[in-house]
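One file, data_13.cif, is given below (mmCIF, C-alpha atoms and all ligand atoms).
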```cif
data_entry
#
loop_
_atom_site.label_atom_id
_atom_site.label_comp_id
_atom_site.auth_asym_id
_atom_site.auth_seq_id
_atom_site.Cartn_x
_atom_site.Cartn_y
_atom_site.Cartn_z
CA MET N 245 104.68 -20.85 -26.45
CA ARG N 246 106.65 -19.62 -23.43
CA ASN N 247 104.45 -16.84 -22.03
CA PHE N 248 100.93 -15.76 -22.99
CA THR N 249 100.16 -12.11 -22.33
CA CYS N 250 98.77 -10.70 -25.60
CA VAL N 251 97.49 -11.56 -29.07
CA HIS N 252 101.00 -11.81 -30.53
CA ASP N 253 101.78 -14.76 -28.26
CA ALA N 254 98.94 -16.69 -29.90
CA GLY N 255 100.76 -16.63 -33.23
CA ASP N 256 98.74 -17.10 -36.41
CA LEU N 257 95.09 -16.75 -35.36
CA LYS N 258 93.72 -19.18 -37.96
CA THR N 259 96.01 -21.88 -36.59
CA ALA N 260 95.20 -20.94 -32.99
CA LEU N 261 91.46 -21.16 -33.76
CA GLU N 262 91.90 -24.53 -35.43
CA LYS N 263 93.76 -25.85 -32.38
CA ALA N 264 91.08 -24.43 -30.07
CA LYS N 265 88.45 -26.27 -32.09
CA GLN N 266 90.30 -29.55 -31.62
CA VAL N 267 90.51 -28.91 -27.87
CA LYS N 268 86.77 -28.23 -27.75
CA GLU N 269 85.89 -31.34 -29.74
CA ASN N 270 88.14 -33.62 -27.75
CA PRO N 271 88.96 -32.05 -24.36
CA PHE N 272 90.51 -35.20 -22.86
CA ALA N 273 92.86 -36.04 -25.73
CA ASP N 274 95.92 -34.66 -23.95
CA GLN N 275 95.59 -36.10 -20.46
CA GLU N 276 99.18 -37.36 -20.57
CA LEU N 277 100.62 -33.98 -21.53
CA GLY N 278 100.07 -32.45 -18.10
CA LYS N 279 100.86 -35.55 -16.04
CA ASN N 280 102.97 -34.62 -13.00
CA LYS N 281 102.93 -30.98 -14.08
CA THR N 282 101.62 -28.37 -11.67
CA LEU N 283 99.66 -25.29 -12.62
CA LEU N 284 99.76 -22.49 -10.04
CA MET N 285 97.10 -19.82 -10.34
CA ILE N 286 97.77 -16.58 -8.46
CA PHE N 287 94.92 -14.16 -7.89
CA PHE N 288 95.47 -10.60 -6.69
CA ASN N 289 91.80 -9.89 -7.61
CA SER N 290 88.45 -11.68 -7.48
CA SER N 291 87.31 -14.11 -10.16
CA LEU N 292 84.62 -16.63 -10.97
CA ARG N 293 85.10 -17.60 -14.62
CA THR N 294 88.85 -17.33 -14.92
CA ARG N 295 89.43 -19.32 -11.79
CA LEU N 296 87.03 -22.16 -12.63
CA SER N 297 87.63 -22.37 -16.39
CA THR N 298 91.43 -22.30 -16.08
CA GLN N 299 91.38 -24.87 -13.30
CA LYS N 300 89.14 -27.10 -15.40
CA ALA N 301 91.43 -26.61 -18.41
CA GLY N 302 94.42 -27.72 -16.34
CA LEU N 303 92.53 -30.77 -15.05
CA ASN N 304 91.47 -31.70 -18.61
CA LEU N 305 95.16 -31.72 -19.50
CA GLY N 306 95.99 -34.01 -16.58
CA MET N 307 97.69 -31.27 -14.52
CA ASN N 308 97.72 -30.75 -10.80
CA VAL N 309 96.31 -27.35 -9.94
CA ILE N 310 97.05 -25.06 -6.98
CA VAL N 311 95.18 -21.79 -6.50
CA LEU N 312 96.34 -18.94 -4.26
CA ASP N 313 94.26 -15.88 -3.48
CA VAL N 314 97.04 -13.55 -2.43
CA ASN N 315 94.71 -11.33 -0.42
CA GLN N 316 93.18 -14.19 1.54
CA GLY N 317 95.57 -15.94 3.87
CA ALA N 318 98.91 -15.18 2.19
CA TRP N 319 101.35 -12.57 3.46
CA LYS N 320 100.63 -9.11 2.15
CA LEU N 321 103.10 -8.51 -0.66
CA GLU N 322 105.21 -5.43 -1.25
CA THR N 323 105.53 -4.81 -4.99
CA GLU N 324 107.60 -1.59 -5.08
CA LYS N 325 111.35 -1.96 -5.40
CA GLY N 326 113.75 -0.19 -3.03
CA VAL N 327 111.26 0.59 -0.26
CA ILE N 328 112.02 0.29 3.44
CA MET N 329 109.61 -2.42 4.47
CA ASP N 330 108.46 -0.93 7.78
CA GLY N 331 104.76 -0.91 6.89
CA ASP N 332 102.05 -3.57 6.85
CA LYS N 333 103.57 -5.80 4.14
CA PRO N 334 105.77 -8.59 5.57
CA GLU N 335 106.99 -10.09 2.26
CA HIS N 336 108.42 -8.72 -0.96
CA ILE N 337 107.27 -9.97 -4.32
CA LEU N 338 110.97 -10.39 -5.22
CA GLU N 339 111.16 -13.38 -2.86
CA ALA N 340 107.54 -14.50 -3.19
CA ILE N 341 107.68 -14.92 -6.98
CA PRO N 342 110.71 -17.23 -7.22
CA VAL N 343 109.33 -19.22 -4.27
CA MET N 344 106.03 -19.67 -6.11
CA GLY N 345 108.00 -20.61 -9.22
CA ALA N 346 109.78 -23.34 -7.27
CA TYR N 347 106.48 -25.09 -6.55
CA CYS N 348 105.06 -25.33 -10.05
CA ASP N 349 105.67 -25.71 -13.78
CA VAL N 350 103.33 -23.03 -15.15
CA ILE N 351 101.99 -19.86 -13.49
CA GLY N 352 98.79 -17.94 -14.26
CA VAL N 353 98.54 -14.42 -12.81
CA ARG N 354 95.58 -12.11 -12.27
CA SER N 355 96.65 -8.60 -11.36
CA PHE N 356 94.36 -5.72 -12.34
CA ALA N 357 95.29 -2.10 -12.95
CA GLN N 358 95.36 -0.27 -9.63
CA PHE N 359 94.71 3.23 -11.02
CA TYR N 360 97.26 4.86 -8.66
CA ASP N 361 99.96 5.27 -11.28
CA LYS N 362 99.30 4.97 -15.00
CA ASP N 363 102.91 4.10 -15.85
CA TYR N 364 102.99 1.38 -13.21
CA ASP N 365 99.79 -0.10 -14.67
CA TYR N 366 100.68 0.32 -18.35
CA ASN N 367 104.20 -1.07 -17.83
CA GLU N 368 102.59 -4.24 -16.44
CA VAL N 369 104.97 -4.16 -13.48
CA VAL N 370 103.45 -7.10 -11.59
CA LEU N 371 103.01 -9.41 -14.59
CA ASN N 372 106.50 -8.63 -15.85
CA GLN N 373 108.00 -9.37 -12.47
CA PHE N 374 106.44 -12.83 -12.61
CA ILE N 375 107.90 -13.33 -16.09
CA ARG N 376 111.30 -12.14 -14.95
CA TYR N 377 111.64 -13.77 -11.54
CA SER N 378 109.54 -16.95 -11.49
CA GLY N 379 111.70 -18.96 -13.87
CA LYS N 380 108.51 -20.53 -15.23
CA PRO N 381 106.17 -19.87 -18.17
CA VAL N 382 103.62 -17.24 -17.20
CA PHE N 383 100.19 -16.55 -18.65
CA SER N 384 97.90 -13.63 -17.97
CA MET N 385 94.54 -14.25 -16.30
CA GLU N 386 93.82 -10.50 -16.74
CA ALA N 387 96.66 -8.17 -16.06
CA ALA N 388 96.70 -4.37 -15.89
CA THR N 389 96.26 -3.71 -19.60
CA ARG N 390 94.98 -6.90 -21.22
CA HIS N 391 92.77 -9.96 -20.71
CA PRO N 392 93.94 -12.25 -23.50
CA LEU N 393 92.21 -15.48 -22.37
CA GLN N 394 88.95 -13.53 -22.47
CA SER N 395 89.65 -12.07 -25.91
CA PHE N 396 90.66 -15.47 -27.29
CA ALA N 397 87.36 -16.93 -25.98
CA ASP N 398 85.53 -13.96 -27.53
CA LEU N 399 87.19 -14.64 -30.87
CA ILE N 400 86.30 -18.35 -30.71
CA THR N 401 82.69 -17.38 -29.92
CA ILE N 402 82.43 -14.89 -32.78
CA GLU N 403 83.85 -17.46 -35.18
CA GLU N 404 81.19 -19.94 -34.03
CA TYR N 405 78.28 -17.52 -34.44
CA LYS N 406 79.27 -15.32 -37.36
CA LYS N 407 77.26 -15.50 -40.58
CA THR N 408 79.67 -13.61 -42.81
CA GLU N 409 83.42 -13.84 -43.25
CA LYS N 410 84.06 -10.36 -41.85
CA PRO N 411 81.24 -9.49 -39.47
CA LYS N 412 80.70 -6.00 -38.10
CA VAL N 413 81.75 -6.14 -34.45
CA VAL N 414 80.93 -3.16 -32.23
CA LEU N 415 82.52 -2.56 -28.87
CA THR N 416 80.28 -0.22 -26.88
CA TRP N 417 81.12 1.46 -23.61
CA ALA N 418 78.28 1.12 -21.05
CA PRO N 419 77.71 2.71 -17.63
CA HIS N 420 78.86 1.19 -14.34
CA PRO N 421 78.98 2.58 -10.78
CA ARG N 422 82.65 1.72 -10.19
CA ALA N 423 85.86 2.50 -12.06
CA LEU N 424 86.82 -0.58 -14.08
CA PRO N 425 90.12 -1.29 -15.87
CA GLN N 426 90.65 -0.92 -19.62
CA ALA N 427 92.10 -4.44 -19.87
CA VAL N 428 89.06 -6.10 -21.43
CA PRO N 429 88.39 -3.43 -24.09
CA ASN N 430 92.13 -2.97 -24.84
CA SER N 431 92.56 -6.66 -25.35
CA PHE N 432 89.32 -7.11 -27.28
CA ALA N 433 90.39 -4.34 -29.66
CA GLU N 434 93.78 -5.93 -30.18
CA TRP N 435 92.25 -9.32 -31.03
CA MET N 436 89.48 -7.91 -33.25
CA ASN N 437 92.05 -5.93 -35.23
CA ALA N 438 94.18 -9.03 -35.62
CA ALA N 439 91.13 -11.03 -36.74
CA GLY N 440 90.50 -8.51 -39.52
CA TYR N 441 86.80 -7.93 -38.79
CA GLU N 442 84.97 -4.67 -39.42
CA PHE N 443 85.58 -3.28 -35.96
CA VAL N 444 83.93 -0.18 -34.51
CA ILE N 445 84.28 1.29 -31.02
CA THR N 446 81.67 3.64 -29.58
CA HIS N 447 81.93 5.51 -26.29
CA PRO N 448 81.24 8.93 -24.78
CA GLU N 449 83.84 11.67 -25.33
CA GLY N 450 86.72 11.29 -22.88
CA TYR N 451 86.72 7.50 -22.88
CA GLU N 452 89.28 7.13 -25.69
CA LEU N 453 91.46 4.06 -25.19
CA ASP N 454 95.21 3.78 -25.77
CA GLU N 455 95.80 3.74 -29.53
CA LYS N 456 98.43 1.10 -29.00
CA PHE N 457 95.48 -1.27 -28.60
CA THR N 458 92.77 0.27 -30.77
CA GLY N 459 95.06 0.71 -33.79
CA ASN N 460 93.05 1.48 -36.91
CA ALA N 461 89.67 0.69 -35.35
CA ILE N 462 86.91 3.14 -36.24
CA VAL N 463 85.91 5.23 -33.24
CA GLU N 464 82.30 6.35 -33.77
CA TYR N 465 80.94 8.80 -31.20
CA ASN N 466 77.48 8.59 -32.74
CA ARG N 467 76.17 5.54 -30.92
CA GLU N 468 73.22 4.89 -33.24
CA LYS N 469 75.49 5.03 -36.26
CA ALA N 470 77.85 2.56 -34.62
CA TYR N 471 75.04 0.09 -33.85
CA LYS N 472 73.68 0.24 -37.40
CA ASP N 473 73.98 -3.15 -39.13
CA ALA N 474 76.21 -4.57 -36.39
CA ASP N 475 76.49 -8.36 -36.26
CA PHE N 476 77.87 -8.41 -32.72
CA ILE N 477 77.43 -5.91 -29.90
CA TYR N 478 80.15 -6.31 -27.27
CA ALA N 479 79.44 -4.20 -24.18
CA LYS N 480 81.94 -3.21 -21.52
CA ASN N 481 82.48 -0.44 -19.06
CA TRP N 482 85.90 1.07 -18.54
CA ALA N 483 87.23 4.07 -16.68
CA ALA N 484 88.88 6.95 -18.54
CA TYR N 485 92.36 6.28 -19.90
CA ARG N 486 93.55 9.72 -20.96
CA ASP N 487 95.24 12.18 -18.64
CA PRO N 488 94.34 13.95 -16.45
CA ASN N 489 91.38 11.62 -15.94
CA TYR N 490 93.14 8.24 -15.84
CA GLY N 491 91.05 5.79 -13.78
CA LYS N 492 88.17 8.23 -13.30
CA ILE N 493 84.44 7.87 -13.97
CA LEU N 494 83.35 10.67 -16.30
CA ASN N 495 79.89 9.47 -17.22
CA THR N 496 77.15 7.20 -15.84
CA ASP N 497 74.54 8.02 -18.47
CA ARG N 498 72.17 5.08 -18.83
CA ALA N 499 71.44 6.18 -22.37
CA TRP N 500 74.50 3.97 -23.05
CA THR N 501 72.89 0.87 -21.51
CA VAL N 502 72.43 -1.77 -24.21
CA ASP N 503 68.66 -2.10 -24.65
CA SER N 504 66.20 -3.52 -27.18
CA LYS N 505 65.70 -0.16 -28.86
CA LYS N 506 69.37 0.10 -29.72
CA MET N 507 69.66 -3.59 -30.60
CA ALA N 508 66.84 -3.01 -33.13
CA LEU N 509 69.27 -0.86 -35.14
CA THR N 510 71.59 -3.82 -35.67
CA ASN N 511 71.60 -6.68 -38.11
CA ASN N 512 69.88 -8.85 -35.47
CA ALA N 513 73.20 -8.73 -33.62
CA TYR N 514 74.34 -11.13 -30.96
CA PHE N 515 74.98 -9.59 -27.55
CA MET N 516 78.30 -10.33 -25.83
CA HIS N 517 79.87 -9.40 -22.49
CA CYS N 518 82.80 -10.95 -20.64
CA LEU N 519 80.82 -11.10 -17.34
CA PRO N 520 80.35 -10.32 -14.52
CA VAL N 521 77.72 -7.94 -15.80
CA ARG N 522 75.48 -5.50 -13.94
CA ARG N 523 71.98 -5.92 -15.32
CA ASN N 524 70.12 -2.75 -16.24
CA MET N 525 73.34 -0.76 -16.03
CA ILE N 526 75.40 -2.37 -18.80
CA VAL N 527 72.53 -4.24 -20.47
CA SER N 528 68.77 -4.45 -20.01
CA ASP N 529 67.19 -7.69 -18.74
CA GLU N 530 65.35 -7.91 -22.02
CA VAL N 531 68.53 -8.03 -24.11
CA ILE N 532 70.57 -10.32 -21.88
CA ASP N 533 67.60 -12.70 -21.55
CA SER N 534 66.92 -12.68 -25.30
CA PRO N 535 67.93 -15.49 -27.67
CA GLN N 536 70.50 -13.10 -29.18
CA SER N 537 72.48 -13.05 -25.95
CA ILE N 538 75.47 -15.41 -26.17
CA VAL N 539 77.13 -14.52 -22.87
CA ILE N 540 76.89 -18.09 -21.53
CA PRO N 541 78.49 -19.87 -24.52
CA GLU N 542 81.05 -17.03 -24.51
CA ALA N 543 81.90 -17.78 -20.87
CA ALA N 544 81.96 -21.52 -21.60
CA ASN N 545 84.60 -20.86 -24.27
CA ARG N 546 86.90 -19.56 -21.54
CA MET N 547 87.60 -23.22 -20.83
CA VAL N 548 88.57 -23.72 -24.45
CA SER N 549 90.87 -20.71 -24.70
CA ALA N 550 92.56 -21.62 -21.40
CA GLN N 551 93.08 -25.22 -22.43
CA ALA N 552 94.40 -24.28 -25.88
CA VAL N 553 96.91 -21.91 -24.30
CA LEU N 554 97.98 -24.31 -21.54
CA LYS N 555 98.43 -27.06 -24.10
CA GLU N 556 100.78 -24.88 -26.16
CA ILE N 557 102.78 -23.99 -23.05
CA LEU N 558 103.00 -27.62 -21.91
CA GLN N 559 104.20 -28.71 -25.33
CA GLU N 560 107.23 -26.47 -24.95
CA LEU N 561 108.15 -27.35 -21.39
C1 LIG W 1 86.74 -6.70 -14.17
C2 LIG W 1 87.14 -5.71 -15.26
O1 LIG W 1 86.32 -4.92 -15.69
O2 LIG W 1 88.30 -5.74 -15.70
C3 LIG W 1 86.87 -8.12 -14.65
C4 LIG W 1 86.21 -8.46 -15.94
C5 LIG W 1 86.53 -9.80 -16.44
N1 LIG W 1 85.35 -6.48 -13.82
C6 LIG W 1 84.98 -6.06 -12.62
O3 LIG W 1 85.80 -5.79 -11.78
C7 LIG W 1 83.50 -5.94 -12.35
N1 LIG W 2 85.32 -12.75 -17.55
C1 LIG W 2 86.10 -12.99 -16.47
O1 LIG W 2 87.34 -12.96 -16.51
O2 LIG W 2 85.40 -13.29 -15.34
P1 LIG W 2 86.00 -13.44 -13.87
O3 LIG W 2 86.47 -12.08 -13.44
O4 LIG W 2 84.86 -13.97 -13.05
O5 LIG W 2 87.16 -14.39 -13.93
#
```

For the structure just supplied, provide its representation as structure tokens.
Ligand code: AN0
Ligand code: CP
Amino acid sequence: MRNFTCVHDAGDLKTALEKAKQVKENPFADQELGKNKTLLMIFFNSSLRTRLSTQKAGLNLGMNVIVLDVNQGAWKLETEKGVIMDGDKPEHILEAIPVMGAYCDVIGVRSFAQFYDKDYDYNEVVLNQFIRYSGKPVFSMEAATRHPLQSFADLITIEEYKKTEKPKVVLTWAPHPRALPQAVPNSFAEWMNAAGYEFVITHPEGYELDEKFTGNAIVEYNREKAYKDADFIYAKNWAAYRDPNYGKILNTDRAWTVDSKKMALTNNAYFMHCLPVRRNMIVSDEVIDSPQSIVIPEAANRMVSAQAVLKEILQEL
């Protein structure tokens, strides 16, 4: 594997899952693989899980790890090409990226959608610049349109908990006070489609995602119908994708909060969320505190997905 930005980079999912299982069972088996190799993690946005789990994954593989929060202590970076740099940004990403590449062997990048310009976001300008100019393998730690390490961990988790070969997995939109990117739901849809599960998406009108990611997924506007007989309920907020409302909040109706009443419609479904989660907005305390909530093992699997991906990248260095 050279770069890891989407489900296609993971190759055959059965094989990827098998390899992830080996990593989980024996996390220190490949300590030599990363010896004298440096992982550089670049954050343009906040993180708890991605930062810690990816760092731990690198350490498990014997790597050295450097973390840079671009917005804390580094020079402010200009990302637009061709601008006259007379503003508040002293350095251009066109120099910063190859410099970063010179100091490491593998680069992880977190760069969320900014919601100023849909094309800029959906063309993954920042991530692609790292791929183009760093000279090093690059993996996404949540970019503008996808969060593949999260989706891979979600897939691992569903495989661990599922009781039938093709479980019914339901992605439900849920309310949130701030406009959040579509990266997690886009990516989740892409991975669930690739896994071949029965996959249903439910959201209020106006929250349709890019069909490039949702593919043939069933979009069910009737929430109760969507929940019926679900084996997994995966909650997430996202801002509107479609024009003219790209990046806008259209709805904050707490009727969409995942609660016990709605969970009662399911096939005793497990509750999942990528975290961080706002309690009693996205999900009621009762549901997230119930035995059906698997958000903690889901987050723990972020270490597994990160290590499985880093291992593949290291093997091709
Ligand atoms: C981010 C998002 O929704 O994309 C990160 C999730 C992993 N969430 C927030 O900013 C709250
Ligand atoms: N799920 C996830 O990526 O969490 P962080 O934003 O804390 O990394």

Quick one, how far is atom O2 of ligand LIG 1 (chain W) from atom CA of N:Lys268?
25.6 Å

How big is the axis-aligned box, and where does its centre sit, when it encloses all atoms of stretch 435-439 of chain N listed in the file and has 6 Å added on every side, reported in Å to one decimal as AutoDock Vina command-line options?
```
--center_x 91.8 --center_y -8.5 --center_z -33.9 --size_x 16.7 --size_y 17.1 --size_z 17.7
```

Rows by chain and residue number, chain N within 8 Å of ligand LIG 2 (chain W), shortest pair, only C-alpha atoms and all ligand atoms, as JSON lines:
```
{"residue": "N:Ser290", "atom": "CA", "partner": "W:LIG2", "partner_atom": "O3", "distance": 6.3}
{"residue": "N:Ser291", "atom": "CA", "partner": "W:LIG2", "partner_atom": "O5", "distance": 3.8}
{"residue": "N:Leu292", "atom": "CA", "partner": "W:LIG2", "partner_atom": "O4", "distance": 3.4}
{"residue": "N:Arg293", "atom": "CA", "partner": "W:LIG2", "partner_atom": "O5", "distance": 3.9}
{"residue": "N:Thr294", "atom": "CA", "partner": "W:LIG2", "partner_atom": "O5", "distance": 3.5}
{"residue": "N:Arg295", "atom": "CA", "partner": "W:LIG2", "partner_atom": "O5", "distance": 5.8}
{"residue": "N:Leu296", "atom": "CA", "partner": "W:LIG2", "partner_atom": "O5", "distance": 7.9}
{"residue": "N:Met385", "atom": "CA", "partner": "W:LIG2", "partner_atom": "O1", "distance": 7.3}
{"residue": "N:Glu386", "atom": "CA", "partner": "W:LIG2", "partner_atom": "O1", "distance": 6.9}
{"residue": "N:His391", "atom": "CA", "partner": "W:LIG2", "partner_atom": "O1", "distance": 7.5}
{"residue": "N:Gln394", "atom": "CA", "partner": "W:LIG2", "partner_atom": "N1", "distance": 6.2}
{"residue": "N:Cys518", "atom": "CA", "partner": "W:LIG2", "partner_atom": "N1", "distance": 4.4}
{"residue": "N:Leu519", "atom": "CA", "partner": "W:LIG2", "partner_atom": "N1", "distance": 4.8}
{"residue": "N:Pro520", "atom": "CA", "partner": "W:LIG2", "partner_atom": "O2", "distance": 5.9}
{"residue": "N:Ala543", "atom": "CA", "partner": "W:LIG2", "partner_atom": "N1", "distance": 6.9}
```

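Atom to atom, atom CA of N:Asn430 and atom CA of N:Val353 stand 17.8 Å apart.
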
Contacts between ligand LIG 1 (chain W) and chain N, please, where a residue of chain N counts if it comes within 7 Å (with all atoms listed in the file); show its shortest atom pair and distance in Å to one decimal, rows by chain and ascending number, as a Markdown table.
```
| residue | atom | partner | partner_atom | distance |
| --- | --- | --- | --- | --- |
| N:Phe356 | CA | W:LIG1 | O2 | 6.9 |
| N:Leu424 | CA | W:LIG1 | O1 | 4.7 |
| N:Pro425 | CA | W:LIG1 | O2 | 4.8 |
| N:Gln426 | CA | W:LIG1 | O2 | 6.6 |
| N:Ala427 | CA | W:LIG1 | O2 | 5.8 |
| N:Val428 | CA | W:LIG1 | O2 | 5.8 |
| N:Asn481 | CA | W:LIG1 | O1 | 6.8 |
| N:Trp482 | CA | W:LIG1 | O1 | 6.6 |
| N:Cys518 | CA | W:LIG1 | C5 | 5.7 |
| N:Leu519 | CA | W:LIG1 | C5 | 5.9 |
| N:Pro520 | CA | W:LIG1 | C7 | 5.8 |
```

Output file for the residues above (C-alpha atoms, as a PDB file, keeping the file's coordinate frame):
```pdb
ATOM      1  CA  PHE N 356      94.360  -5.720 -12.340  1.00  0.00           C
ATOM      2  CA  LEU N 424      86.820  -0.580 -14.080  1.00  0.00           C
ATOM      3  CA  PRO N 425      90.120  -1.290 -15.870  1.00  0.00           C
ATOM      4  CA  GLN N 426      90.650  -0.920 -19.620  1.00  0.00           C
ATOM      5  CA  ALA N 427      92.100  -4.440 -19.870  1.00  0.00           C
ATOM      6  CA  VAL N 428      89.060  -6.100 -21.430  1.00  0.00           C
ATOM      7  CA  ASN N 481      82.480  -0.440 -19.060  1.00  0.00           C
ATOM      8  CA  TRP N 482      85.900   1.070 -18.540  1.00  0.00           C
ATOM      9  CA  CYS N 518      82.800 -10.950 -20.640  1.00  0.00           C
ATOM     10  CA  LEU N 519      80.820 -11.100 -17.340  1.00  0.00           C
ATOM     11  CA  PRO N 520      80.350 -10.320 -14.520  1.00  0.00           C
TER      12      PRO N 520
END
```

Mind checking which residues fall within 7 Å of stretch 447-462 of chain N, counting all atoms listed in the file, ignoring those fewer than 6 positions away in the same chain, and posting them as an MDAnalysis selection string?
chainID N and resid 416:417 430:431 433:434 484:486

Give me, as JSON lines, each residue of stretch 437-492 of chain N that comes within 10 Å of stretch 402-413 of chain N, together with its shortest interatomic pair and the distance in Å at one decimal, counting only C-alpha atoms, with rows ordered by chain and rising residue number.
```
{"residue": "N:Ala439", "atom": "CA", "partner": "N:Lys410", "partner_atom": "CA", "distance": 8.7}
{"residue": "N:Gly440", "atom": "CA", "partner": "N:Lys410", "partner_atom": "CA", "distance": 7.1}
{"residue": "N:Tyr441", "atom": "CA", "partner": "N:Lys410", "partner_atom": "CA", "distance": 4.8}
{"residue": "N:Glu442", "atom": "CA", "partner": "N:Lys412", "partner_atom": "CA", "distance": 4.7}
{"residue": "N:Phe443", "atom": "CA", "partner": "N:Val413", "partner_atom": "CA", "distance": 5.0}
{"residue": "N:Val444", "atom": "CA", "partner": "N:Val413", "partner_atom": "CA", "distance": 6.3}
{"residue": "N:Ile445", "atom": "CA", "partner": "N:Val413", "partner_atom": "CA", "distance": 8.6}
{"residue": "N:Ala470", "atom": "CA", "partner": "N:Val413", "partner_atom": "CA", "distance": 9.5}
{"residue": "N:Tyr471", "atom": "CA", "partner": "N:Val413", "partner_atom": "CA", "distance": 9.2}
{"residue": "N:Lys472", "atom": "CA", "partner": "N:Lys412", "partner_atom": "CA", "distance": 9.4}
{"residue": "N:Asp473", "atom": "CA", "partner": "N:Lys412", "partner_atom": "CA", "distance": 7.4}
{"residue": "N:Ala474", "atom": "CA", "partner": "N:Lys412", "partner_atom": "CA", "distance": 5.0}
{"residue": "N:Asp475", "atom": "CA", "partner": "N:Lys412", "partner_atom": "CA", "distance": 5.2}
{"residue": "N:Phe476", "atom": "CA", "partner": "N:Val413", "partner_atom": "CA", "distance": 4.8}
{"residue": "N:Ile477", "atom": "CA", "partner": "N:Val413", "partner_atom": "CA", "distance": 6.3}
{"residue": "N:Tyr478", "atom": "CA", "partner": "N:Val413", "partner_atom": "CA", "distance": 7.4}
```

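Shortest atom-to-atom contact with N:Asp313 among N:Lys362, N:Arg354, N:Lys555, N:Arg390: N:Arg354, counting only C-alpha atoms.
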
So what do you get for atom CA of N:Ala318 versus atom CA of N:Ala301, distance-wise?
24.7 Å
